[in-house]
Structure formats: structure tokens, C-alpha cells
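S.K.: Below is the structure I would like to discuss, written out as C-alpha cells.
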Amino acid sequence: MSEEIKDVVLTEAEAVEKISEQKQIRMDKLAGLQAAGCDPFTITKFDVSTTAAEIKANYENFENQTVTVAGRMMSRRIMGKASFADLRDGSDRIQLFVSRDDLGDELYNTGFKKWDIGDILGVTGYVFTTRTGEISIHVTGVTLLAKSLLPLPEKFHGLTDTDARYRQRYVDLIMNPDVKETFVKRSLTLRELRAFLDSKGFLEVDTPILTPFEIGASARPFTTHHNTLDMDMVLRIETELYLKRLIVGGMDRVYEVGRIFRNEGMDTKHNPEFTTIELYQAYTDYHGMMDLVEEMMKTVAQNVCGTLQIPYQGHTIDLGNWERLTMVEAVKKYSGVDYYDWQSDEDAVACAKEHHVELPEVPTRGAILAEFFDKYVEEKLIQPTFIYDYPVEISPLAKRKPEEPAFTERFEYFINATEFGNAFSELNDPIDQRARFERQLAERKAIDPNTKAQVDYDYITALEYGMPPTGGLGFGIDRLVMLLTDSASIRDVLLFPTMKPLD
């Protein structure tokens with residue numbers, strides 16, 4: 001008799017009814033165990049000596065040795081007086097051989113045979129290989145450590161319903177080992193990023209998540225209310241201004257791994273809460289940040305994936321080869337339009353209309369250049385590319401280029417037609433910064449008169465004490481993990497993505 005997961009197609013109503021029936025059967029079994037004084041939920045610990053993966057990787061050291069392992073029973077094949085079962089722990093699956101002769105009639109027939117797929121077991125036994133060559137454990141003792149009251153899905157495939165996968169990530173992880181590997185890589189990526197930055201002398205810090213007011217940036221925040229202070233507060237949309245205050249204070253290299261919150265749209269690349277790294281280094285500029293990004297991406301990819309040739313959604317991304325283009329050069333390369341042919345904002349507007357490019361709210365030459373980039377360039381940037389020298393109109397925190405003040409020392413880097421990070425030579429002129437903040441806020445109020453955004457004048461005060469020339473960088477962890485795990489959606493790399501509650 002086999003209890004392997006079967007491929008059965010049921011209607012939703014039939015599936016719900018079947019699960020309800022099976023849950024009641026399991027609840028009755030639990031009640032029987034409790035009545036017999038064998039409540040598995042009273043067990044507080046089980047000493048494990050090794051893991052399935054260690055046994056399989058080092059069989060020569062484990063052969064005929066007694067081990068204790070624990071995990072979830074994923075399948076069972078009962079053949080009279082003996083059974084085979086698959087146990088999965090946190091590392092891998094391993095086969096169990098269980099017999100009545102080893103366990104005794106009561107434990108085998110009224111215990112093990114009546115337990116269910118999904119139950120958590122603690123196992124003692126010795127390691128051997130079957131006649132087919134499969135590494136297994138010959139069980140000499142087994143304990144029910146936790147009762148599974150809900151059946152595992154039938155032919156789950158890691159949850160074919162993507163909505164259910166995200167809502168019930170715990171079940172997805174049980175049924176689909178590949179999902180767990182994604183999150184192992186996520187953890188490794190964070191570890192390698194921290195190790196790289198630490199090796200460069202950066203100090204990891206924490207800055208506030210709750211802030212007293214909305215800054216004048218374009219991102220929309222989540223708002224809340226602090227009862228004791230009787231004041232509205234917002235969840236941060238960036239960590240930048242606090243980190244740069246630390247540069248003013250003399251902490252020359254700082255970074256933060258932090259959760260960011262933006263009350264905006266959701267799609268395959270955006271979630272309302274996401275994880276970023278922002279870092280700032282005194283006495284360097286955006287070219288120094290480009291060099292840092294390139295070295296960091298190569299190091300992390302090599303250490304996490306073992307290669308710089310990263311397969312992603314049908315492309316092979318070569319992280320060993322990076323192109324560098326100014327925004328003007330990129331627009332000219334892919335659209336044929338030369339920014340320097342525009343002598344005025346009016347020329348830019350006319351050119352945009354001719355090329356069916358959407359006009360920005362404030363149609364200046366620089367802002368229109370950015371619209372050309374969005375239409376003609378970004379989708380072409382499959383291989384790693386730095387785009388630098390951004391118009392000042394869309395870069396309120398970046399330092400102007402001394403020789404061309406209409407542009408700033410800013411870059412973004414793109415992979416697979418997606419922006420992965422943003423960096424500046426940081427603006428450290430408090431007079432210029434005040435003017436840009438105030439202009440940005442005025443433009444926002446013209447669009448949304450009811451906005452509660454404010455200028456962060458305390459940050460201006462910090463700059464007035466003097467901030468050294470500084471390079472800064474911010475990038476999303478989630479998109480980087482998507483790249484390194486060949487994941488098409490940000491939800492695939494978030495353990496618990498934001499979901500609308502079920503009715």
C-alpha cells in the first residue's frame with residue numbers, strides 16, 4: 001500500500017470538503033493519543049546528532065553508525081511487517097526503513113502505521129544502503145514529535161496557485177525545496193554584501209524607521225500616529241538623510257541594511273515594503289562608487305553563485321563586463337537624438353512631440369532628456385550598464401558637475417532592463433541643497449496642494465556644519481536576489497510579500 005502524494009484533480013469545493021474530513025480524522029487521532037497519555041505536543045526537545053544532508057554527503061563516515069535525526073514524514077510505503085518512508089529535515093530528504101521486528105508490534109502497528117504524512121518524527125537508527133543503492137536509515141526507535149492536523153497538498157509542486165504560495169509560504173517551503181534554496185541564497189547574499197563592505201572599512205548602523213514628517217521627495221509614505229506625542233509620523237521612504245548626518249559627524253564610511261516603505265503600486269518589481277542597502281563614503285565621488293559597485297557585484301555573485309555568468313529569464317548576464325555611458329550618450333546611441341542640439345526648453349518640447357515622448361510635469365530640457373531615456377534606452381540595457389551624469393531637475397540630492405551645472409554627478413546601474421541602484425557625488429552645499437529642496441516641494445505642492453511634505457531643515461543645518469566630499473549609493477536587495485536566483489517576481493524572493501486579505 002502506498003501513501004505517496006497522488007495527482008488528483010478536485011474542484012475547489014471538493015478540495016475544501018476533503019481537507020475538512022481529513023482534518024477531523026487527524027483531530028480524532030490526536031485525541032486518542034492524548035487520552036492514552038501520548039500527547040506529542042508535550043514533548044519539549046529531541047536531541048539530533050546529524051542531518052540528512054551530512055549523512056548523504058559523508059556516507060563513508062556514517063555507514064553502520066547510529067544516528068538521530070528529526071524531520072517531517074513526506075511519504076510512506078507500508079509493506080506488511082516493514083515500511084519505507086521519506087523524512088525531510090532542514091537540509092534534505094532521507095529514506096527510512098521501519099520494521100515491526102525493530103519497533104515491536106505496538107509502536108509499529110498502533111503507532112507508526114497510524115501516523116500521517118506531514119507528522120514530525122524523531123528517529124534513531126543506523127545508516128546503510130538498500131539493494132538499489134539508496135542511502136537510508138534502518139530505524140530502531142521513532143517518536144512522534146508533533147502531529148500534523150492538516151494534510152499536505154496533493155501533487156503540490158510547491159503550490160501551483162501562486163497566490164496560495166505567497167499566502168502560505170510555510171506550505172510552499174515544505175513541498176518545494178527549490179523555494180527554500182532561493183531564501184538560502186538571499187541570506188548568503190546579505191552575508192556577502194556585509195562582508196564585502198566590512199572589508200572596505202564601512203560601519204553598519206541603524207537609523208529611524210519612524211520619522212516625524214514626510215520629506216519633499218516624490219515617493220508616497222505610509223502614515224501613522226504616535227499617541228504619546230500626539231503627532232502624525234511616517235514610515236521612512238529612504239535612509240539617506242540620516243546616514244549623511246553621520247558623515248557630517250565624522251563617521252566616514254557607513255551603511256545600513258534597512259526596510260523601506262512606500263505607499264505605491266505593486267507589480268513584479270515592487271512591493272510596499274522592501275529591503276535596501278544605502279552606503280556613504282567620505283572623500284570619494286560617483287566614479288569611486290562605480291568602481292565599488294562593480295567590484296561588489298562581482299564578489300557577491302562569485303561567492304553566492306560560483307560564477308559571474310548569471311542565467312536570468314532567458315539571458316546570460318555577464319557580471320564581469322560593465323559598460324559606462326552618460327545619459328546623453330545613451331539617448332543618442334539608442335534614439336539618435338542629441339541633447340546638445342536643443343538650445344532651449346522649447347526645442348526639447350518640440351523634439352519630444354516629434355518623437356511621441358511623454359512630456360513631464362515641468363518640461364525642461366533635462367527632464368525631457370530623462371523621458372527620452374525611459375522610452376528609448378532602458379529596455380535595451382540587458383547587460384550591466386552604468387548610466388551617469390543625470391539632469392539636475394531629477395537629482396535633488398546630487399552634486400552638480402562643475403564644468404556642466406545642468407547635470408549632476410549621479411549614476412544608476414541597469415541589468416536586464418531594470419534599474420538596480422542609484423548613486424551620487426553627494427551634494428554638500430547647504431545653500432544649493434536648501435534651494436533644491438524648496439523648489440522640489442513647491443513643484444510637488446503645485447501638483448498636490450494638500451501634500452503634507454516638508455523640507456528637512458535639520459538636514460540643512462547638518463550640512464551647514466560642513467560635510468566632506470562624499471560618494472553615496474543605494475540599491476535594492478530584493479532585485480539583486482531576483483537576479484542571483486533567476487526569479488521573475490519580487491514576491492518570489494520575499495518570504496511573506498504584502499497580500500490583500502482574503503474575504
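For the C-alpha cells, the naming scheme is as follows: chains receive sequential letters (A, B, ...) according to their order of presentation, residues are indexed from 1 within each chain, and ligands are indexed from 1 in presentation order.
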Please provide the set of residues having any atom within 12 Å of Thr239 in chain A, restricted to only C-alpha atoms, with same-chain residues fewer than 5 positions apart removed, written as a CSV table (one decimal) with N, CA and C atoms, in the first residue's frame.
M.R.:
chain,number,residue,atom,x,y,z
A,205,VAL,N,25.2,50.6,10.6
A,205,VAL,CA,24.5,51.4,11.6
A,205,VAL,C,23.0,51.2,11.4
A,206,ASP,N,22.2,51.8,12.3
A,206,ASP,CA,20.7,51.8,12.3
A,206,ASP,C,20.2,53.2,12.4
A,207,THR,N,19.3,53.5,11.6
A,207,THR,CA,18.7,54.9,11.6
A,207,THR,C,17.1,54.7,11.8
A,208,PRO,N,16.4,55.8,12.2
A,208,PRO,CA,15.0,55.6,12.5
A,208,PRO,C,14.1,55.1,11.3
A,209,ILE,N,13.2,54.3,11.6
A,209,ILE,CA,12.2,53.9,10.7
A,209,ILE,C,11.0,54.8,10.7
A,210,LEU,N,10.6,55.2,11.9
A,210,LEU,CA,9.5,56.2,12.1
A,210,LEU,C,10.1,57.6,12.1
A,211,THR,N,9.6,58.4,11.2
A,211,THR,CA,10.2,59.8,11.1
A,211,THR,C,9.1,60.8,11.4
A,215,ILE,N,9.2,63.9,3.9
A,215,ILE,CA,10.1,64.8,3.2
A,215,ILE,C,9.6,65.1,1.9
A,244,LYS,N,23.7,60.5,6.0
A,244,LYS,CA,24.6,61.6,5.6
A,244,LYS,C,24.8,62.5,6.8
A,245,ARG,N,23.9,62.6,7.8
A,245,ARG,CA,24.2,63.3,9.0
A,245,ARG,C,25.4,62.6,9.7
A,246,LEU,N,25.5,61.3,9.6
A,246,LEU,CA,26.6,60.6,10.3
A,246,LEU,C,27.9,60.9,9.6
A,254,VAL,N,29.8,54.5,6.3
A,254,VAL,CA,28.7,53.9,7.0
A,254,VAL,C,27.7,53.2,5.9
A,255,TYR,N,27.0,52.2,6.4
A,255,TYR,CA,26.0,51.6,5.6
A,255,TYR,C,24.9,51.1,6.5
A,256,GLU,N,23.7,50.9,5.9
A,256,GLU,CA,22.6,50.4,6.6
A,256,GLU,C,21.8,49.4,5.7
A,257,VAL,N,21.5,48.2,6.2
A,257,VAL,CA,20.6,47.3,5.6
A,257,VAL,C,19.3,47.6,6.2
A,258,GLY,N,18.3,48.1,5.5
A,258,GLY,CA,17.1,48.5,6.1
A,258,GLY,C,15.8,48.3,5.3
A,259,ARG,N,14.7,48.2,6.0
A,259,ARG,CA,13.4,48.0,5.4
A,259,ARG,C,12.9,49.4,5.0
A,260,ILE,N,12.4,49.6,3.8
A,260,ILE,CA,11.9,50.8,3.3
A,260,ILE,C,10.4,50.6,3.0
A,261,PHE,N,9.6,51.6,3.1
A,261,PHE,CA,8.1,51.5,3.0
A,261,PHE,C,7.6,52.6,2.0
A,275,THR,N,13.7,45.8,1.0
A,275,THR,CA,15.0,45.9,1.7
A,275,THR,C,16.0,46.6,0.8
A,276,THR,N,16.7,47.6,1.4
A,276,THR,CA,17.8,48.2,0.6
A,276,THR,C,19.1,48.2,1.4
A,277,ILE,N,20.2,48.5,0.7
A,277,ILE,CA,21.4,48.9,1.4
A,277,ILE,C,21.7,50.3,0.9
A,278,GLU,N,21.9,51.2,1.8
A,278,GLU,CA,22.5,52.5,1.5
A,278,GLU,C,23.8,52.7,2.2
A,279,LEU,N,24.8,53.2,1.4
A,279,LEU,CA,26.1,53.4,2.0
A,279,LEU,C,26.7,54.8,1.5
A,280,TYR,N,27.6,55.3,2.4
A,280,TYR,CA,28.2,56.6,2.1
A,280,TYR,C,29.6,56.6,2.5
A,472,GLY,N,27.8,58.4,-2.4
A,472,GLY,CA,26.7,57.6,-1.8
A,472,GLY,C,26.1,56.7,-2.8
A,473,LEU,N,25.5,55.6,-2.3
A,473,LEU,CA,24.9,54.5,-3.1
A,473,LEU,C,23.8,53.9,-2.4
A,474,GLY,N,22.7,53.6,-3.1
A,474,GLY,CA,21.6,52.9,-2.6
A,474,GLY,C,21.1,51.8,-3.6
A,475,PHE,N,20.8,50.6,-3.1
A,475,PHE,CA,20.3,49.6,-4.1
A,475,PHE,C,19.4,48.6,-3.4
S.K.: Write out as a PDB file with C-alpha atoms, in the first residue's frame the residues lying within 10 Å of range 34-47 of chain A, counting only C-alpha atoms and excluding same-chain residues fewer than 3 positions away.
M.R.:
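This is the output file around.pdb:
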ATOM      1  CA  ASP A  28      -9.585  12.233  16.345  1.00  0.00           C
ATOM      2  CA  LYS A  29      -6.177  10.534  16.182  1.00  0.00           C
ATOM      3  CA  LEU A  30      -4.682  13.310  18.304  1.00  0.00           C
ATOM      4  CA  ALA A  31      -7.473  12.952  20.850  1.00  0.00           C
ATOM      5  CA  THR A  50      23.307  14.963  12.430  1.00  0.00           C
ATOM      6  CA  THR A  68      19.426  10.517  15.462  1.00  0.00           C
ATOM      7  CA  VAL A  69      17.593  12.765  13.005  1.00  0.00           C
ATOM      8  CA  ALA A  70      14.305  14.622  13.058  1.00  0.00           C
ATOM      9  CA  ILE A 120       7.116  15.456  12.625  1.00  0.00           C
ATOM     10  CA  LEU A 121       9.192  12.463  13.721  1.00  0.00           C
ATOM     11  CA  GLY A 122      12.337  11.905  15.755  1.00  0.00           C
ATOM     12  CA  VAL A 123      14.263   8.871  14.549  1.00  0.00           C
ATOM     13  CA  THR A 143       8.983   9.246  18.334  1.00  0.00           C
ATOM     14  CA  LEU A 144       6.049  11.356  17.193  1.00  0.00           C
ATOM     15  CA  LEU A 145       7.197  14.914  17.987  1.00  0.00           C
ATOM     16  CA  ALA A 146       4.314  16.920  16.508  1.00  0.00           C
ATOM     17  CA  LYS A 147       1.016  15.984  14.891  1.00  0.00           C
TER      18      LYS A 147
END
S.K.: For a quick check of understanding, using only C-alpha atoms, which of A:Phe274, A:Phe424, A:Phe372, A:Tyr457 has the smallest distance to Tyr388 in chain A?
M.R.: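 Counting only C-alpha atoms, the residue closest to Tyr388 in chain A is A:Phe424.
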S.K.: Counting only C-alpha atoms, which residue out of A:Gly288, A:Ser487, A:Trp322, A:Gln454 sits closest to Arg410 in chain A?
M.R.: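 Under the stated criterion, the closest residue is A:Gly288.
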S.K.: Please provide the set of residues having any atom within 10 Å of Ser148 in chain A, restricted to only C-alpha atoms, with same-chain residues fewer than 5 positions apart removed, written as a PDB file with N, CA and C atoms, in the first residue's frame.
M.R.:
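Result saved to around-v3.pdb:
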ATOM      1  N   LYS A  23      -8.900  16.571   8.232  1.00  0.00           N
ATOM      2  CA  LYS A  23      -8.520  17.253   9.467  1.00  0.00           C
ATOM      3  C   LYS A  23      -9.244  16.633  10.650  1.00  0.00           C
ATOM      4  N   ARG A  26      -7.651  13.420  11.647  1.00  0.00           N
ATOM      5  CA  ARG A  26      -6.387  13.652  12.353  1.00  0.00           C
ATOM      6  C   ARG A  26      -6.635  14.195  13.758  1.00  0.00           C
ATOM      7  N   MET A  27      -7.659  15.038  13.903  1.00  0.00           N
ATOM      8  CA  MET A  27      -8.009  15.535  15.237  1.00  0.00           C
ATOM      9  C   MET A  27      -8.431  14.369  16.139  1.00  0.00           C
ATOM     10  N   LEU A  30      -5.362  12.550  17.249  1.00  0.00           N
ATOM     11  CA  LEU A  30      -4.682  13.310  18.304  1.00  0.00           C
ATOM     12  C   LEU A  30      -5.393  13.107  19.634  1.00  0.00           C
ATOM     13  N   ARG A  72      10.123  15.954   8.938  1.00  0.00           N
ATOM     14  CA  ARG A  72       8.728  15.723   8.551  1.00  0.00           C
ATOM     15  C   ARG A  72       8.623  14.491   7.649  1.00  0.00           C
ATOM     16  N   MET A  73       7.679  13.614   7.951  1.00  0.00           N
ATOM     17  CA  MET A  73       7.443  12.451   7.093  1.00  0.00           C
ATOM     18  C   MET A  73       6.702  12.912   5.838  1.00  0.00           C
ATOM     19  N   TRP A 115       0.304   6.918  12.074  1.00  0.00           N
ATOM     20  CA  TRP A 115       0.680   8.315  11.946  1.00  0.00           C
ATOM     21  C   TRP A 115       0.454   8.774  10.510  1.00  0.00           C
ATOM     22  N   ASP A 116       0.512  10.067  10.279  1.00  0.00           N
ATOM     23  CA  ASP A 116       0.113  10.626   8.990  1.00  0.00           C
ATOM     24  C   ASP A 116       1.279  11.311   8.267  1.00  0.00           C
ATOM     25  N   ILE A 117       1.136  11.369   6.944  1.00  0.00           N
ATOM     26  CA  ILE A 117       2.076  12.160   6.142  1.00  0.00           C
ATOM     27  C   ILE A 117       2.022  13.608   6.638  1.00  0.00           C
ATOM     28  N   GLY A 118       3.185  14.181   6.854  1.00  0.00           N
ATOM     29  CA  GLY A 118       3.258  15.540   7.396  1.00  0.00           C
ATOM     30  C   GLY A 118       3.606  15.580   8.866  1.00  0.00           C
ATOM     31  N   ASP A 119       3.465  14.447   9.593  1.00  0.00           N
ATOM     32  CA  ASP A 119       3.830  14.414  11.011  1.00  0.00           C
ATOM     33  C   ASP A 119       5.333  14.625  11.177  1.00  0.00           C
ATOM     34  N   ILE A 120       5.711  15.224  12.302  1.00  0.00           N
ATOM     35  CA  ILE A 120       7.116  15.456  12.625  1.00  0.00           C
ATOM     36  C   ILE A 120       7.608  14.296  13.486  1.00  0.00           C
TER      37      ILE A 120
END
S.K.: Assign secondary structure with DSSP using the backbone only, and return the residues of range 73-292 of chain A in helix (DSSP H, G or I) as a short mmCIF file (atom, residue, chain, number, x, y, z; two decimals) with N, CA and C atoms, in the first residue's frame.
M.R.:
data_model
loop_
_atom_site.label_atom_id
_atom_site.label_comp_id
_atom_site.auth_asym_id
_atom_site.auth_seq_id
_atom_site.Cartn_x
_atom_site.Cartn_y
_atom_site.Cartn_z
N ARG A 100 8.45 -3.95 11.97
CA ARG A 100 7.80 -4.35 13.23
C ARG A 100 8.79 -5.06 14.14
N ASP A 101 9.73 -5.80 13.55
CA ASP A 101 10.69 -6.54 14.36
C ASP A 101 11.58 -5.60 15.16
N ASP A 102 11.88 -4.45 14.63
CA ASP A 102 12.74 -3.49 15.34
C ASP A 102 11.97 -2.66 16.35
N LEU A 103 10.74 -2.27 16.00
CA LEU A 103 9.98 -1.35 16.87
C LEU A 103 9.08 -2.08 17.85
N ASP A 105 5.47 -4.70 18.08
CA ASP A 105 4.14 -4.68 17.46
C ASP A 105 3.36 -3.41 17.81
N GLU A 106 3.38 -3.00 19.07
CA GLU A 106 2.55 -1.86 19.47
C GLU A 106 3.01 -0.57 18.81
N LEU A 107 4.32 -0.25 18.89
CA LEU A 107 4.81 1.00 18.30
C LEU A 107 4.66 0.98 16.78
N TYR A 108 4.87 -0.19 16.17
CA TYR A 108 4.79 -0.23 14.71
C TYR A 108 3.34 -0.18 14.22
N ASN A 109 2.48 -1.04 14.78
CA ASN A 109 1.12 -1.16 14.26
C ASN A 109 0.16 -0.09 14.77
N THR A 110 0.24 0.22 16.06
CA THR A 110 -0.71 1.20 16.61
C THR A 110 -0.10 2.60 16.66
N GLY A 111 1.20 2.69 16.37
CA GLY A 111 1.86 3.99 16.33
C GLY A 111 2.22 4.38 14.92
N PHE A 112 3.40 3.95 14.47
CA PHE A 112 3.95 4.41 13.20
C PHE A 112 2.98 4.24 12.03
N LYS A 113 2.33 3.09 11.92
CA LYS A 113 1.45 2.85 10.77
C LYS A 113 0.22 3.75 10.78
N LYS A 114 -0.14 4.26 11.96
CA LYS A 114 -1.32 5.11 12.05
C LYS A 114 -1.00 6.60 12.01
N THR A 162 -0.14 30.50 -7.48
CA THR A 162 0.89 31.42 -6.97
C THR A 162 0.37 32.26 -5.81
N ASP A 163 -0.90 32.61 -5.83
CA ASP A 163 -1.45 33.39 -4.72
C ASP A 163 -1.38 32.59 -3.43
N ALA A 164 -1.73 31.31 -3.50
CA ALA A 164 -1.66 30.45 -2.32
C ALA A 164 -0.21 30.25 -1.87
N ARG A 165 0.72 30.18 -2.83
CA ARG A 165 2.13 30.03 -2.48
C ARG A 165 2.59 31.18 -1.58
N TYR A 166 2.23 32.40 -1.96
CA TYR A 166 2.69 33.56 -1.19
C TYR A 166 1.96 33.67 0.14
N ARG A 167 0.68 33.30 0.16
CA ARG A 167 -0.08 33.40 1.41
C ARG A 167 0.34 32.31 2.40
N ARG A 169 3.38 30.50 2.66
CA ARG A 169 4.77 30.22 2.33
C ARG A 169 5.28 29.00 3.10
N TYR A 170 4.75 28.79 4.30
CA TYR A 170 5.18 27.65 5.10
C TYR A 170 4.89 26.34 4.39
N VAL A 171 3.76 26.25 3.68
CA VAL A 171 3.45 25.03 2.95
C VAL A 171 4.31 24.94 1.69
N ASP A 172 4.50 26.07 1.04
CA ASP A 172 5.37 26.13 -0.14
C ASP A 172 6.77 25.62 0.20
N LEU A 173 7.29 26.03 1.34
CA LEU A 173 8.63 25.60 1.76
C LEU A 173 8.66 24.10 2.05
N ILE A 174 7.58 23.58 2.63
CA ILE A 174 7.52 22.14 2.90
C ILE A 174 7.59 21.34 1.61
N MET A 175 6.83 21.76 0.61
CA MET A 175 6.64 20.95 -0.58
C MET A 175 7.65 21.22 -1.69
N PRO A 177 11.53 22.22 -2.31
CA PRO A 177 12.88 22.54 -1.83
C PRO A 177 13.53 23.69 -2.58
N ASP A 178 13.16 23.90 -3.85
CA ASP A 178 13.76 25.00 -4.62
C ASP A 178 13.43 26.35 -4.01
N VAL A 179 12.23 26.45 -3.42
CA VAL A 179 11.84 27.71 -2.79
C VAL A 179 12.78 28.01 -1.63
N LYS A 180 13.05 27.00 -0.83
CA LYS A 180 13.97 27.21 0.29
C LYS A 180 15.34 27.64 -0.21
N GLU A 181 15.80 27.06 -1.31
CA GLU A 181 17.12 27.41 -1.85
C GLU A 181 17.18 28.89 -2.23
N THR A 182 16.07 29.44 -2.71
CA THR A 182 16.03 30.86 -3.03
C THR A 182 16.33 31.69 -1.79
N PHE A 183 15.74 31.31 -0.67
CA PHE A 183 15.92 32.10 0.54
C PHE A 183 17.24 31.81 1.24
N VAL A 184 17.80 30.65 0.99
CA VAL A 184 19.17 30.40 1.44
C VAL A 184 20.11 31.34 0.69
N LYS A 185 19.89 31.48 -0.62
CA LYS A 185 20.73 32.39 -1.41
C LYS A 185 20.52 33.84 -0.99
N ARG A 186 19.30 34.18 -0.61
CA ARG A 186 19.06 35.54 -0.13
C ARG A 186 19.90 35.81 1.12
N SER A 187 19.89 34.86 2.05
CA SER A 187 20.67 35.03 3.26
C SER A 187 22.17 35.12 2.95
N LEU A 188 22.64 34.26 2.03
CA LEU A 188 24.04 34.30 1.64
C LEU A 188 24.40 35.63 0.99
N THR A 189 23.48 36.16 0.19
CA THR A 189 23.72 37.44 -0.48
C THR A 189 23.91 38.55 0.54
N LEU A 190 23.04 38.61 1.52
CA LEU A 190 23.18 39.62 2.57
C LEU A 190 24.48 39.45 3.34
N ARG A 191 24.83 38.20 3.63
CA ARG A 191 26.07 37.94 4.35
C ARG A 191 27.28 38.41 3.55
N GLU A 192 27.28 38.12 2.25
CA GLU A 192 28.41 38.51 1.41
C GLU A 192 28.49 40.01 1.22
N LEU A 193 27.34 40.67 1.10
CA LEU A 193 27.34 42.13 0.98
C LEU A 193 27.94 42.77 2.23
N ARG A 194 27.49 42.29 3.38
CA ARG A 194 28.03 42.83 4.64
C ARG A 194 29.54 42.56 4.74
N ALA A 195 29.95 41.35 4.38
CA ALA A 195 31.36 41.01 4.47
C ALA A 195 32.19 41.89 3.56
N PHE A 196 31.68 42.14 2.35
CA PHE A 196 32.42 42.99 1.41
C PHE A 196 32.57 44.41 1.97
N LEU A 197 31.46 44.99 2.43
CA LEU A 197 31.52 46.37 2.93
C LEU A 197 32.35 46.45 4.21
N ASP A 198 32.22 45.47 5.08
CA ASP A 198 33.04 45.46 6.29
C ASP A 198 34.53 45.42 5.92
N SER A 199 34.86 44.65 4.89
CA SER A 199 36.27 44.54 4.48
C SER A 199 36.81 45.85 3.93
N GLU A 240 18.63 57.84 3.52
CA GLU A 240 19.71 58.69 3.05
C GLU A 240 20.07 59.83 3.99
N LEU A 241 19.10 60.62 4.38
CA LEU A 241 19.42 61.87 5.08
C LEU A 241 19.99 61.61 6.47
N TYR A 242 19.52 60.56 7.13
CA TYR A 242 20.12 60.24 8.44
C TYR A 242 21.55 59.74 8.28
N LEU A 243 21.80 58.91 7.27
CA LEU A 243 23.15 58.39 7.08
C LEU A 243 24.13 59.52 6.76
N LYS A 244 23.69 60.49 5.98
CA LYS A 244 24.60 61.59 5.64
C LYS A 244 24.83 62.50 6.84
N ARG A 245 23.90 62.56 7.77
CA ARG A 245 24.17 63.26 9.02
C ARG A 245 25.36 62.62 9.75
N LEU A 246 25.47 61.29 9.63
CA LEU A 246 26.59 60.60 10.28
C LEU A 246 27.92 60.93 9.60
N ILE A 247 27.89 61.14 8.29
CA ILE A 247 29.11 61.60 7.60
C ILE A 247 29.52 62.96 8.13
N VAL A 248 28.53 63.85 8.33
CA VAL A 248 28.83 65.16 8.93
C VAL A 248 29.48 64.96 10.30
N TYR A 286 31.26 59.91 -7.38
CA TYR A 286 30.45 58.88 -8.01
C TYR A 286 31.27 57.91 -8.85
N HIS A 287 32.42 58.32 -9.33
CA HIS A 287 33.30 57.37 -10.03
C HIS A 287 33.83 56.32 -9.05
N GLY A 288 34.15 56.75 -7.83
CA GLY A 288 34.55 55.80 -6.80
C GLY A 288 33.44 54.84 -6.47
N MET A 289 32.20 55.33 -6.48
CA MET A 289 31.06 54.46 -6.23
C MET A 289 30.85 53.46 -7.36
N MET A 290 31.09 53.89 -8.61
CA MET A 290 31.00 52.95 -9.73
C MET A 290 31.99 51.81 -9.56
N ASP A 291 33.22 52.16 -9.23
CA ASP A 291 34.23 51.12 -9.02
C ASP A 291 33.83 50.17 -7.89
N LEU A 292 33.27 50.75 -6.82
CA LEU A 292 32.84 49.93 -5.68
C LEU A 292 31.72 48.98 -6.09
#
S.K.: For a test of reading the model, state the distance in Å between CA of Asp161 in chain A and CA of Gln22 in chain A, rounded to one decimal.
M.R.: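 Straight-line distance from CA of Asp161 in chain A to CA of Gln22 in chain A works out to 21.2 Å.
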S.K.: So how many Å separate CA of Pro384 in chain A and CA of Asn321 in chain A, to one decimal?
M.R.: 7.0 Å
